[in-house]
$ cat protein-v4.txt   # compact mmCIF, C-alpha atoms and all ligand atoms
# COMPACT_ATOMS: atom_id res chain seq x y z
CA MET W 1127 -28.76 20.79 -15.24
CA THR W 1128 -25.62 22.04 -13.51
CA SER W 1129 -25.00 20.83 -9.98
CA VAL W 1130 -23.38 22.89 -7.25
CA SER W 1131 -23.75 20.15 -4.64
CA THR W 1132 -20.70 19.63 -2.48
CA HIS W 1133 -21.61 16.12 -1.35
CA LEU W 1134 -20.54 14.79 -4.74
CA ASN W 1135 -17.09 16.30 -4.32
CA ASP W 1136 -16.49 14.70 -0.94
CA LYS W 1137 -13.51 12.56 -1.93
CA ASP W 1138 -13.36 11.04 1.56
CA LEU W 1139 -16.57 9.26 0.79
CA TRP W 1140 -15.02 7.53 -2.22
CA ARG W 1141 -11.64 6.78 -0.72
CA ILE W 1142 -11.23 3.12 0.16
CA ASP W 1143 -8.75 2.09 2.80
CA LYS W 1144 -6.39 -0.38 1.10
CA ASP W 1145 -5.46 -1.89 4.47
CA GLU W 1146 -9.09 -2.70 5.14
CA VAL W 1147 -9.36 -4.34 1.72
CA ALA W 1148 -6.24 -6.37 2.50
CA TYR W 1149 -7.71 -7.38 5.89
CA TYR W 1150 -10.85 -8.84 4.31
CA GLU W 1151 -8.87 -10.43 1.50
CA HIS W 1152 -6.67 -12.18 4.06
CA MET W 1153 -9.79 -13.25 5.96
CA VAL W 1154 -11.37 -14.82 2.88
CA LEU W 1155 -8.23 -16.54 1.71
CA ASN W 1156 -7.36 -17.94 5.13
CA THR W 1157 -10.74 -18.96 6.52
CA PRO W 1158 -12.39 -22.23 5.53
CA LEU W 1159 -15.61 -21.52 3.62
CA GLU W 1160 -17.76 -23.33 6.20
CA LYS W 1161 -16.46 -21.07 8.94
CA LEU W 1162 -16.92 -17.93 6.84
CA ILE W 1163 -20.53 -18.76 5.99
CA GLY W 1164 -21.16 -19.80 9.61
CA THR W 1165 -20.12 -16.32 10.80
CA ALA W 1166 -22.24 -14.63 8.12
CA SER W 1167 -25.22 -16.83 8.80
CA HIS W 1168 -25.06 -16.08 12.53
CA LYS W 1169 -25.04 -12.32 11.83
CA ARG W 1170 -28.10 -12.76 9.59
CA ASP W 1171 -29.92 -14.85 12.23
CA VAL W 1172 -29.34 -12.23 14.93
CA HIS W 1173 -30.92 -9.47 12.88
CA TRP W 1174 -33.44 -11.19 10.61
CA GLY W 1175 -34.28 -14.40 12.48
CA ASP W 1176 -35.75 -17.22 10.41
CA VAL W 1177 -37.49 -14.96 7.89
CA VAL W 1178 -36.41 -14.79 4.26
CA THR W 1179 -38.38 -12.33 2.18
CA TYR W 1180 -39.32 -11.68 -1.43
CA SER W 1181 -41.26 -9.02 -3.27
CA ARG W 1182 -44.16 -10.07 -5.47
CA LYS W 1183 -43.63 -7.99 -8.56
CA ILE W 1184 -44.54 -7.38 -12.15
CA PHE W 1185 -41.62 -6.56 -14.42
CA VAL W 1186 -42.11 -3.76 -16.97
CA PRO W 1187 -39.24 -3.33 -19.44
CA LEU W 1188 -40.10 0.25 -20.45
CA THR W 1189 -37.45 0.22 -23.18
CA ASN W 1190 -34.93 -2.39 -24.23
CA MET W 1191 -32.77 0.15 -26.06
CA CYS W 1192 -29.69 1.52 -24.31
CA ARG W 1193 -26.72 3.72 -25.13
CA ASP W 1194 -24.38 1.22 -23.42
CA THR W 1195 -23.22 -2.10 -24.82
CA CYS W 1196 -22.20 -4.29 -21.87
CA SER W 1197 -20.68 -7.53 -23.14
CA TYR W 1198 -22.90 -9.75 -20.95
CA CYS W 1199 -26.24 -8.11 -21.71
CA THR W 1200 -29.09 -9.95 -23.45
CA PHE W 1201 -31.75 -7.48 -22.42
CA VAL W 1202 -30.65 -4.76 -24.78
CA LYS W 1203 -31.72 -4.56 -28.43
CA HIS W 1204 -29.97 -2.35 -30.97
CA PRO W 1205 -32.43 0.17 -32.47
CA ASP W 1206 -32.01 -1.58 -35.87
CA ASN W 1207 -33.43 -4.75 -34.35
CA PRO W 1208 -37.17 -5.00 -35.09
CA ASP W 1209 -37.72 -6.16 -31.48
CA SER W 1210 -36.33 -2.93 -30.00
CA LYS W 1211 -39.09 -0.82 -28.51
CA ILE W 1212 -40.45 1.63 -26.01
CA MET W 1213 -43.61 0.40 -24.30
CA SER W 1214 -46.68 2.58 -24.82
CA PRO W 1215 -48.70 3.87 -21.82
CA GLN W 1216 -51.42 1.37 -22.78
CA GLU W 1217 -48.94 -1.53 -22.62
CA VAL W 1218 -47.62 -0.32 -19.27
CA LEU W 1219 -51.13 -0.19 -17.87
CA LEU W 1220 -52.01 -3.60 -19.29
CA SER W 1221 -48.98 -5.14 -17.53
CA ALA W 1222 -49.79 -3.29 -14.33
CA HIS W 1223 -53.37 -4.60 -14.30
CA GLU W 1224 -52.08 -8.10 -15.03
CA GLY W 1225 -49.78 -7.81 -12.02
CA GLU W 1226 -52.61 -6.51 -9.87
CA LYS W 1227 -54.78 -9.50 -10.82
CA LYS W 1228 -52.00 -11.79 -9.59
CA GLY W 1229 -51.57 -9.93 -6.31
CA CYS W 1230 -48.28 -8.20 -7.17
CA LYS W 1231 -47.45 -5.21 -4.99
CA GLU W 1232 -44.34 -3.95 -6.79
CA LEU W 1233 -44.13 -2.76 -10.37
CA LEU W 1234 -40.50 -2.84 -11.44
CA PHE W 1235 -39.64 -0.47 -14.26
CA SER W 1236 -36.46 -1.68 -15.87
CA LEU W 1237 -34.89 0.11 -18.81
CA GLY W 1238 -31.77 0.69 -20.79
CA GLU W 1239 -29.81 3.85 -20.11
CA ARG W 1240 -30.54 7.03 -22.08
CA PRO W 1241 -30.93 5.43 -25.56
CA GLU W 1242 -32.19 8.76 -26.92
CA LYS W 1243 -28.77 10.33 -26.34
CA ARG W 1244 -27.17 7.97 -28.82
CA TYR W 1245 -29.75 6.81 -31.36
CA ALA W 1246 -32.32 8.54 -33.56
CA LYS W 1247 -34.99 5.82 -33.28
CA PRO W 1248 -35.64 6.11 -29.52
CA LYS W 1249 -35.33 9.90 -29.75
CA ARG W 1250 -38.05 10.03 -32.41
CA ALA W 1251 -40.19 7.46 -30.58
CA LEU W 1252 -40.02 9.54 -27.40
CA GLU W 1253 -40.86 12.72 -29.31
CA ALA W 1254 -43.89 10.98 -30.78
CA LEU W 1255 -45.01 10.20 -27.23
CA GLY W 1256 -44.43 13.86 -26.27
CA TYR W 1257 -41.15 13.59 -24.32
CA GLU W 1258 -37.55 14.64 -24.79
CA ALA W 1259 -35.93 12.25 -22.35
CA MET W 1260 -36.57 8.68 -21.26
CA THR W 1261 -36.57 9.70 -17.60
CA ASP W 1262 -39.40 12.23 -18.24
CA TYR W 1263 -41.44 9.47 -19.83
CA LEU W 1264 -40.58 7.16 -16.92
CA ILE W 1265 -41.85 9.74 -14.42
CA GLU W 1266 -45.16 9.98 -16.28
CA MET W 1267 -45.47 6.19 -16.35
CA CYS W 1268 -44.89 6.01 -12.59
CA LYS W 1269 -47.66 8.60 -12.17
CA LEU W 1270 -49.94 6.54 -14.39
CA VAL W 1271 -49.32 3.42 -12.29
CA ILE W 1272 -50.10 5.13 -9.01
CA GLU W 1273 -53.15 6.87 -10.44
CA LYS W 1274 -54.67 3.73 -11.91
CA THR W 1275 -53.49 0.86 -9.70
CA PRO W 1276 -52.53 0.11 -6.09
CA LEU W 1277 -49.03 -1.00 -7.15
CA LEU W 1278 -45.83 0.60 -5.90
CA PRO W 1279 -43.37 1.61 -8.63
CA HIS W 1280 -39.72 0.65 -8.15
CA VAL W 1281 -37.41 2.16 -10.76
CA ASN W 1282 -34.23 0.64 -12.17
CA ALA W 1283 -33.10 3.35 -14.54
CA GLY W 1284 -29.34 3.13 -14.08
CA THR W 1285 -27.32 6.28 -13.49
CA LEU W 1286 -29.39 9.36 -12.69
CA SER W 1287 -28.65 13.02 -12.09
CA GLU W 1288 -29.64 14.63 -8.78
CA TYR W 1289 -32.47 16.45 -10.49
CA GLU W 1290 -33.81 13.23 -12.00
CA ILE W 1291 -33.61 11.51 -8.61
CA MET W 1292 -35.55 14.35 -7.00
CA LYS W 1293 -38.29 14.20 -9.61
CA LEU W 1294 -38.53 10.41 -9.58
CA LYS W 1295 -38.67 10.24 -5.79
CA ASN W 1296 -42.04 11.99 -5.92
CA VAL W 1297 -43.66 9.20 -7.86
CA CYS W 1298 -41.84 5.99 -7.02
CA ALA W 1299 -41.50 4.09 -3.78
CA SER W 1300 -37.90 2.98 -4.22
CA MET W 1301 -35.13 2.96 -6.78
CA GLY W 1302 -32.22 0.74 -7.66
CA MET W 1303 -29.01 0.64 -9.62
CA MET W 1304 -26.41 -2.10 -9.48
CA LEU W 1305 -23.04 -0.61 -8.68
CA GLU W 1306 -21.76 -3.82 -10.35
CA THR W 1307 -18.10 -3.08 -9.80
CA THR W 1308 -15.67 -0.35 -8.87
CA SER W 1309 -13.14 -1.63 -11.39
CA LYS W 1310 -12.06 0.95 -13.95
CA ARG W 1311 -10.03 -1.84 -15.61
CA LEU W 1312 -13.24 -3.37 -16.93
CA THR W 1313 -14.01 -0.24 -18.95
CA LYS W 1314 -10.81 -0.64 -20.99
CA LYS W 1315 -10.79 -2.04 -24.52
CA GLY W 1316 -11.64 -5.76 -24.38
CA GLY W 1317 -13.39 -5.34 -20.99
CA PRO W 1318 -17.15 -5.92 -20.51
CA HIS W 1319 -17.79 -2.21 -19.91
CA TYR W 1320 -15.75 -0.85 -22.80
CA GLY W 1321 -17.60 2.00 -24.50
CA CYS W 1322 -20.30 2.14 -21.79
CA PRO W 1323 -20.46 5.71 -20.44
CA ASP W 1324 -22.83 4.69 -17.64
CA LYS W 1325 -20.59 1.88 -16.41
CA VAL W 1326 -17.66 4.13 -15.60
CA PRO W 1327 -17.59 3.44 -11.83
CA ILE W 1328 -17.55 7.09 -10.79
CA GLN W 1329 -20.87 7.71 -12.55
CA ARG W 1330 -22.53 4.92 -10.62
CA ILE W 1331 -20.94 5.98 -7.35
CA ARG W 1332 -22.30 9.51 -7.88
CA THR W 1333 -25.81 8.10 -8.36
CA LEU W 1334 -25.48 6.04 -5.15
CA ILE W 1335 -24.37 9.14 -3.24
CA SER W 1336 -27.07 11.40 -4.70
CA ALA W 1337 -29.75 8.82 -3.90
CA GLY W 1338 -28.50 8.92 -0.31
CA TYR W 1339 -28.41 12.71 -0.20
CA TYR W 1340 -32.02 12.86 -1.40
CA LYS W 1341 -33.06 10.01 0.92
CA VAL W 1342 -34.28 7.46 -1.56
CA PRO W 1343 -34.80 3.86 -0.35
CA PHE W 1344 -32.24 2.25 -2.59
CA THR W 1345 -31.19 -1.14 -3.91
CA THR W 1346 -27.71 -1.73 -5.25
CA GLY W 1347 -25.39 -4.66 -5.70
CA ILE W 1348 -22.38 -6.21 -7.32
CA LEU W 1349 -22.00 -8.49 -10.29
CA ILE W 1350 -19.81 -11.54 -9.78
CA GLY W 1351 -17.76 -13.16 -12.51
CA ILE W 1352 -17.35 -10.45 -15.15
CA GLY W 1353 -13.58 -10.28 -14.73
CA GLU W 1354 -13.31 -8.48 -11.39
CA THR W 1355 -10.83 -9.63 -8.75
CA LEU W 1356 -11.54 -10.56 -5.14
CA GLU W 1357 -9.91 -7.29 -4.11
CA GLU W 1358 -12.26 -5.34 -6.37
CA ARG W 1359 -15.31 -7.14 -4.95
CA ILE W 1360 -14.22 -6.21 -1.43
CA GLU W 1361 -13.62 -2.60 -2.52
CA ALA W 1362 -17.14 -2.38 -3.96
CA LEU W 1363 -18.71 -3.78 -0.77
CA LEU W 1364 -16.69 -1.45 1.44
CA LEU W 1365 -17.72 1.51 -0.67
CA ILE W 1366 -21.42 0.62 -0.42
CA GLU W 1367 -21.04 0.28 3.35
CA LYS W 1368 -19.29 3.63 3.58
CA ILE W 1369 -21.93 5.46 1.56
CA ASN W 1370 -24.70 3.80 3.55
CA ASN W 1371 -22.99 4.77 6.79
CA ARG W 1372 -23.22 8.37 5.70
CA TYR W 1373 -26.80 8.36 4.39
CA GLY W 1374 -28.52 5.19 5.66
CA HIS W 1375 -30.53 4.73 2.46
CA ILE W 1376 -29.41 1.32 1.24
CA GLN W 1377 -32.25 -1.18 1.68
CA GLU W 1378 -30.71 -4.08 -0.13
CA VAL W 1379 -27.51 -5.28 -1.70
CA ILE W 1380 -27.78 -7.87 -4.45
CA ILE W 1381 -25.01 -10.36 -5.07
CA GLN W 1382 -25.63 -11.41 -8.65
CA ASN W 1383 -23.76 -14.03 -10.62
CA PHE W 1384 -22.82 -13.51 -14.26
CA GLN W 1385 -24.72 -15.92 -16.49
CA THR W 1386 -23.37 -16.94 -19.83
CA LYS W 1387 -25.79 -16.87 -22.72
CA PRO W 1388 -25.47 -17.60 -26.44
CA ASN W 1389 -25.07 -14.62 -28.77
CA ILE W 1390 -23.36 -12.30 -26.32
CA PRO W 1391 -19.72 -11.21 -26.64
CA MET W 1392 -19.01 -13.03 -23.33
CA SER W 1393 -20.64 -16.32 -24.37
CA ASN W 1394 -17.34 -18.17 -23.77
CA HIS W 1395 -16.58 -16.47 -20.47
CA PRO W 1396 -16.80 -18.88 -17.51
CA GLU W 1397 -19.57 -18.41 -14.97
CA PRO W 1398 -18.52 -17.96 -11.34
CA LYS W 1399 -18.45 -21.13 -9.26
CA LEU W 1400 -20.95 -21.64 -6.45
CA LYS W 1401 -18.08 -21.38 -3.98
CA GLU W 1402 -17.28 -17.84 -5.17
CA MET W 1403 -20.90 -16.84 -4.79
CA LEU W 1404 -21.13 -18.23 -1.27
CA GLN W 1405 -17.85 -16.57 -0.34
CA THR W 1406 -19.05 -13.20 -1.67
CA ILE W 1407 -22.49 -13.45 -0.04
CA ALA W 1408 -20.80 -14.25 3.28
CA LEU W 1409 -18.38 -11.36 2.82
CA ALA W 1410 -21.21 -8.97 2.05
CA ARG W 1411 -23.03 -10.06 5.19
CA ILE W 1412 -19.87 -9.66 7.27
CA ILE W 1413 -18.91 -6.25 5.82
CA LEU W 1414 -22.32 -4.58 5.55
CA ASN W 1415 -24.52 -3.17 8.29
CA PRO W 1416 -26.86 -5.99 9.45
CA THR W 1417 -29.95 -3.87 8.67
CA ILE W 1418 -29.12 -4.08 4.96
CA SER W 1419 -30.94 -6.90 3.29
CA ILE W 1420 -28.65 -9.23 1.36
CA GLN W 1421 -30.21 -10.67 -1.69
CA ALA W 1422 -29.33 -13.17 -4.39
CA PRO W 1423 -31.61 -14.14 -7.27
CA PRO W 1424 -33.18 -17.59 -6.81
CA ASN W 1425 -33.43 -18.30 -10.54
CA LEU W 1426 -29.73 -18.04 -11.44
CA GLU W 1427 -28.32 -21.00 -9.54
CA LYS W 1428 -29.74 -24.51 -9.14
CA LYS W 1429 -28.41 -24.76 -5.59
CA HIS W 1430 -29.89 -21.44 -4.54
CA LEU W 1431 -30.83 -22.74 -1.09
CA GLU W 1432 -27.11 -22.72 -0.31
CA TYR W 1433 -27.34 -18.93 -0.49
CA VAL W 1434 -29.46 -18.96 2.64
CA LYS W 1435 -26.73 -20.81 4.50
CA ALA W 1436 -24.24 -18.14 3.39
CA GLY W 1437 -26.27 -15.28 4.88
CA ILE W 1438 -28.91 -13.93 2.50
CA ASN W 1439 -32.27 -12.89 3.96
CA ASP W 1440 -34.07 -11.97 0.74
CA TRP W 1441 -34.73 -13.37 -2.74
CA GLY W 1442 -35.57 -10.04 -4.35
CA GLY W 1443 -38.45 -9.66 -6.74
CA ILE W 1444 -40.21 -12.79 -7.92
CA SER W 1445 -42.87 -12.45 -10.55
CA PRO W 1446 -45.86 -14.74 -10.82
CA VAL W 1447 -46.60 -13.06 -14.19
CA THR W 1448 -43.57 -12.02 -16.21
CA LYS W 1449 -40.28 -13.75 -17.00
CA ASP W 1450 -36.93 -12.39 -15.85
CA PHE W 1451 -36.26 -10.14 -18.86
CA ILE W 1452 -32.59 -9.81 -17.89
CA ASN W 1453 -32.10 -13.60 -17.76
CA PRO W 1454 -35.05 -14.86 -19.83
CA GLN W 1455 -33.72 -18.44 -19.99
CA HIS W 1456 -33.98 -18.78 -16.21
CA PRO W 1457 -37.61 -18.96 -15.02
CA TRP W 1458 -38.59 -17.76 -11.54
CA PRO W 1459 -39.20 -20.52 -9.03
CA ASN W 1460 -42.79 -21.21 -8.11
CA ILE W 1461 -43.44 -19.22 -4.93
CA ASN W 1462 -45.24 -22.09 -3.16
CA VAL W 1463 -42.45 -24.52 -4.01
CA LEU W 1464 -39.85 -22.05 -2.75
CA GLU W 1465 -41.82 -21.62 0.46
CA SER W 1466 -41.90 -25.33 1.13
CA MET W 1467 -38.17 -25.71 0.28
CA MET W 1468 -37.38 -22.91 2.72
CA SER W 1469 -39.45 -24.46 5.45
CA LYS W 1470 -37.54 -27.73 5.06
CA ILE W 1471 -34.34 -25.90 5.99
CA GLY W 1472 -35.98 -24.07 8.89
CA PHE W 1473 -36.86 -20.69 7.33
CA ARG W 1474 -40.13 -18.89 6.71
CA LEU W 1475 -40.66 -17.30 3.32
CA MET W 1476 -42.47 -14.00 3.72
CA GLU W 1477 -43.65 -11.42 1.23
CA ARG W 1478 -42.45 -7.85 1.68
CA LEU W 1479 -43.09 -4.58 -0.10
CA THR W 1480 -40.53 -2.84 -2.28
CA VAL W 1481 -40.13 -0.35 0.59
CA TYR W 1482 -38.96 -1.95 3.83
CA PRO W 1483 -40.95 -0.77 6.88
CA LYS W 1484 -38.02 1.20 8.29
CA PHE W 1485 -38.06 3.44 5.21
CA ASN W 1486 -41.77 4.19 5.37
CA THR W 1487 -41.17 7.66 6.79
CA GLU W 1488 -41.72 11.25 5.68
CA ASP W 1489 -38.02 11.59 4.98
CA PHE W 1490 -37.74 8.63 2.70
CA LEU W 1491 -41.09 8.62 0.91
CA SER W 1492 -42.84 11.46 -0.87
CA THR W 1493 -46.26 12.63 0.25
CA ILE W 1494 -47.71 11.22 -2.96
CA ILE W 1495 -46.32 7.75 -2.26
CA ARG W 1496 -47.28 7.81 1.41
CA SER W 1497 -50.88 8.71 0.63
CA HIS W 1498 -50.95 6.09 -2.12
CA MET W 1499 -49.81 3.48 0.41
CA LEU W 1500 -52.39 4.62 2.91
CA LYS W 1501 -55.18 4.60 0.34
CA HIS W 1502 -54.30 1.04 -0.74
CA SER W 1503 -53.32 -0.28 2.64
CA ALA W 1504 -55.82 -3.17 2.47
CA TYR W 1505 -54.34 -4.33 -0.84
CA LEU W 1506 -50.72 -3.82 0.17
CA HIS W 1507 -51.07 -5.40 3.62
CA PRO W 1508 -53.72 -8.07 3.04
CA ASP W 1509 -52.94 -10.12 6.14
CA ASN W 1510 -50.89 -7.66 8.13
CA LYS W 1511 -47.93 -10.04 7.89
CA LEU W 1512 -45.75 -7.49 6.10
CA LYS W 1513 -45.87 -5.35 9.18
CA GLU W 1514 -44.08 -8.14 11.04
CA LEU W 1515 -40.83 -7.04 9.44
CA ILE W 1516 -40.36 -4.21 11.85
CA THR W 1517 -36.75 -5.08 12.56
CA ALA W 1518 -35.97 -4.25 8.96
S1 LIG I 1 -26.51 -0.68 -19.17
FE1 LIG I 1 -27.87 -2.37 -18.65
S2 LIG I 1 -29.32 -2.50 -20.39
FE2 LIG I 1 -27.58 -1.26 -21.04
S3 LIG I 1 -26.25 -2.71 -22.08
FE3 LIG I 1 -25.54 -2.56 -19.96
S4 LIG I 1 -26.58 -4.20 -18.85
FE4 LIG I 1 -27.66 -3.92 -20.83
$ encode --input "protein-v4.txt" --output "structure tokens"
Amino acid sequence: MTSVSTHLNDKDLWRIDKDEVAYYEHMVLNTPLEKLIGTASHKRDVHWGDVVTYSRKIFVPLTNMCRDTCSYCTFVKHPDNPDSKIMSPQEVLLSAHEGEKKGCKELLFSLGERPEKRYAKPKRALEALGYEAMTDYLIEMCKLVIEKTPLLPHVNAGTLSEYEIMKLKNVCASMGMMLETTSKRLTKKGGPHYGCPDKVPIQRIRTLISAGYYKVPFTTGILIGIGETLEERIEALLLIEKINNRYGHIQEVIIQNFQTKPNIPMSNHPEPKLKEMLQTIALARIILNPTISIQAPPNLEKKHLEYVKAGINDWGGISPVTKDFINPQHPWPNINVLESMMSKIGFRLMERLTVYPKFNTEDFLSTIIRSHMLKHSAYLHPDNKLKELITA
């Protein structure tokens, strides 16, 4: 579908001030880490207090096929692999009911990007289900979830057109797409994003902007340790801040560390050190608007409690049912254990919904989603505690 939208041509929104990048680079390189994380932590305390949140979710990998081939990915399966698949509506519903039994509130649809545009197998599989495009099937699966369960769909479908965003907004509570990086260098031959049409930074930036234009509560983030420089990390954070300043739709920013795994092209690539993660979390907290939740996954670093000291206020989705399909070798922490660890360092672990309270408005949520939330209010707010997050 052709777009005539002018917001996507607003080059000012993409332009990053090199002096500002240099300012933050100088700050990071010339401030002792303890001082940097102290500043970040103070900013978090002022806005979020002693509460660190998580979302109780069920993870539904709608398809593990993808037209991209990122060098660090273990989620994706080539269509020739017998394990490659598209989940049937029955499987989706089975997972959703499983999540409901365990008290999950969020159903996270995660999927590879547009596999049907590149391969015959997913194209035929979708046709057999009655769809031309993966996003059409995704929309129907979101509808199924809200018709049959009290869960709130959150969609991680990668880059999306404006039209797709508009249609999805009707049937999902929130969406997400990691910006990952603004580095075009990493799309060159030998880079982790070589041959990945959806990892060309401009495509991801356009999705971030369109999600803002159409007022979608949105999660994004950056990936640390895939070959990007400190300067490029700062650029990505400044860009997210700039886009959020314009549209105010960013709920959360994830700071995610690259994890090496066997059988990936980057299996010999070093993982980022804890110090780099703490430095980047602190930078994100310092650069971004304090209302944006800063999140780091608790299952990808043994010393994850250090992340709290560096300024995070959220652990993201934790599933009591499914493994982390993106990092299957790293199990989620037990929620009760995490809660008691947090309390030992003076923080309260609190469950939140995939939509933060501030985004529960007519602008940000469709009528369908708002009535769904109203209808299932007793399930979604069992003890009224979630409403406590009004500062969010
Ligand atoms: S776009 Fe996502 S699913 Fe596809 S290869 Fe890259 S990381 Fe994997």
$ residues_around --input "protein-v4.txt" --residues "Met1476 of chain W" --least-positions-apart "6" --cutoff "7 Å" --atoms "all atoms listed in the file" --output "list of chain:residue names"
W:Val1177, W:Val1178, W:Thr1179, W:Tyr1180
$ atom_distance --input "protein-v4.txt" --atom1 "atom CA of Ser1210 of chain W" --atom2 "atom CA of Glu1226 of chain W"
26.1 Å
$ closest_residue --input "protein-v4.txt" --among "W:His1204, W:His1498, W:Lys1484, W:His1430" --to "ligand LIG 1 (chain I)" --atoms "all atoms listed in the file"
W:His1204
$ axis_aligned_box --input "protein-v4.txt" --around "ligand LIG 1 (chain I)" --padding-each-side "6 Å" --output "AutoDock Vina command-line options"
--center_x -27.4 --center_y -2.4 --center_z -20.4 --size_x 15.8 --size_y 15.5 --size_z 15.4
$ residues_near_ligand --input "protein-v4.txt" --ligand "ligand LIG 1 (chain I)" --cutoff "6 Å" --atoms "all atoms listed in the file" --output "PyMOL selection string"
chain W and resi 1192+1194-1196+1199+1201-1202+1238-1239
$ closest_residue --input "protein-v4.txt" --among "W:Gly1317, W:Pro1388, W:Pro1187, W:Pro1424" --to "Ala1283 of chain W" --atoms "all atoms listed in the file"
W:Pro1187
$ closest_residue --input "protein-v4.txt" --among "W:Asn1207, W:Thr1355, W:Gln1385, W:Asn1425" --to "Asn1460 of chain W" --atoms "all atoms listed in the file"
W:Asn1425
$ residues_around --input "protein-v4.txt" --residues "Leu1414 of chain W" --least-positions-apart "4" --cutoff "8 Å" --atoms "only C-alpha atoms" --output "ChimeraX atom specification"
/W:1363-1364,1366-1367,1410,1418
$ closest_atom_pairs --input "protein-v4.txt" --of "segment 1401-1482 of chain W" --to "segment 1325-1345 of chain W" --cutoff "12 Å" --atoms "all atoms listed in the file" --output "JSON lines"
{"residue": "W:Ile1418", "atom": "CA", "partner": "W:Thr1345", "partner_atom": "CA", "distance": 9.6}
{"residue": "W:Ser1419", "atom": "CA", "partner": "W:Thr1345", "partner_atom": "CA", "distance": 9.2}
{"residue": "W:Ile1420", "atom": "CA", "partner": "W:Thr1345", "partner_atom": "CA", "distance": 10.0}
{"residue": "W:Gln1421", "atom": "CA", "partner": "W:Thr1345", "partner_atom": "CA", "distance": 9.8}
{"residue": "W:Gly1442", "atom": "CA", "partner": "W:Thr1345", "partner_atom": "CA", "distance": 9.9}
{"residue": "W:Gly1443", "atom": "CA", "partner": "W:Thr1345", "partner_atom": "CA", "distance": 11.5}
{"residue": "W:Leu1479", "atom": "CA", "partner": "W:Pro1343", "partner_atom": "CA", "distance": 11.8}
{"residue": "W:Thr1480", "atom": "CA", "partner": "W:Pro1343", "partner_atom": "CA", "distance": 9.0}
{"residue": "W:Val1481", "atom": "CA", "partner": "W:Pro1343", "partner_atom": "CA", "distance": 6.9}
{"residue": "W:Tyr1482", "atom": "CA", "partner": "W:Pro1343", "partner_atom": "CA", "distance": 8.3}
$ write_last_selection --input "protein-v4.txt" --atoms "C-alpha atoms" --output "compact mmCIF listing (two decimals), in the frame of the given file"
# COMPACT_ATOMS: atom_id res chain seq x y z
CA ILE W 1418 -29.12 -4.08 4.96
CA SER W 1419 -30.94 -6.90 3.29
CA ILE W 1420 -28.65 -9.23 1.36
CA GLN W 1421 -30.21 -10.67 -1.69
CA GLY W 1442 -35.57 -10.04 -4.35
CA GLY W 1443 -38.45 -9.66 -6.74
CA LEU W 1479 -43.09 -4.58 -0.10
CA THR W 1480 -40.53 -2.84 -2.28
CA VAL W 1481 -40.13 -0.35 0.59
CA TYR W 1482 -38.96 -1.95 3.83
$ residues_around --input "protein-v4.txt" --residues "Val1271 of chain W" --least-positions-apart "3" --cutoff "12 Å" --atoms "only C-alpha atoms" --output "ChimeraX atom specification"
/W:1184,1186,1215-1223,1225-1226,1231-1235,1264-1268,1274-1280,1297-1299,1495,1498
$ closest_residue --input "protein-v4.txt" --among "W:Arg1170, W:His1502, W:Lys1429, W:Lys1243" --to "Met1467 of chain W" --atoms "all atoms listed in the file"
W:Lys1429
$ residues_near_point --input "protein-v4.txt" --point "(-25.4, -15.0, 7.5)" --cutoff "10 Å" --atoms "all atoms listed in the file" --output "list of chain:residue names"
W:Leu1162, W:Ile1163, W:Gly1164, W:Thr1165, W:Ala1166, W:Ser1167, W:His1168, W:Lys1169, W:Arg1170, W:Asp1171, W:Val1172, W:His1173, W:Trp1174, W:Ile1407, W:Ala1408, W:Leu1409, W:Ala1410, W:Arg1411, W:Ile1412, W:Pro1416, W:Ile1420, W:Tyr1433, W:Val1434, W:Lys1435, W:Ala1436, W:Gly1437, W:Ile1438, W:Asn1439
$ closest_residue --input "protein-v4.txt" --among "W:Leu1349, W:Ser1236, W:Ile1272, W:Gln1405" --to "Thr1157 of chain W" --atoms "only C-alpha atoms"
W:Gln1405
$ atom_distance --input "protein-v4.txt" --atom1 "atom CA of Ile1444 of chain W" --atom2 "atom CA of Gly1229 of chain W"
11.8 Å
$ residues_around --input "protein-v4.txt" --residues "Ile1350 of chain W" --least-positions-apart "4" --cutoff "9 Å" --atoms "only C-alpha atoms" --output "list in words"
Glu1306, Thr1307, Glu1354, Arg1359, Ile1381, Gln1382, Asn1383, Phe1384, Glu1397, Pro1398, Glu1402, Met1403 and Thr1406 of chain W
$ write_last_selection --input "protein-v4.txt" --atoms "C-alpha atoms" --output "mmCIF file, in the coordinates of the input"
data_model
loop_
_atom_site.group_PDB
_atom_site.id
_atom_site.type_symbol
_atom_site.label_atom_id
_atom_site.label_comp_id
_atom_site.auth_asym_id
_atom_site.auth_seq_id
_atom_site.Cartn_x
_atom_site.Cartn_y
_atom_site.Cartn_z
ATOM 1 C CA GLU W 1306 -21.760 -3.820 -10.350
ATOM 2 C CA THR W 1307 -18.100 -3.080 -9.800
ATOM 3 C CA GLU W 1354 -13.310 -8.480 -11.390
ATOM 4 C CA ARG W 1359 -15.310 -7.140 -4.950
ATOM 5 C CA ILE W 1381 -25.010 -10.360 -5.070
ATOM 6 C CA GLN W 1382 -25.630 -11.410 -8.650
ATOM 7 C CA ASN W 1383 -23.760 -14.030 -10.620
ATOM 8 C CA PHE W 1384 -22.820 -13.510 -14.260
ATOM 9 C CA GLU W 1397 -19.570 -18.410 -14.970
ATOM 10 C CA PRO W 1398 -18.520 -17.960 -11.340
ATOM 11 C CA GLU W 1402 -17.280 -17.840 -5.170
ATOM 12 C CA MET W 1403 -20.900 -16.840 -4.790
ATOM 13 C CA THR W 1406 -19.050 -13.200 -1.670
#
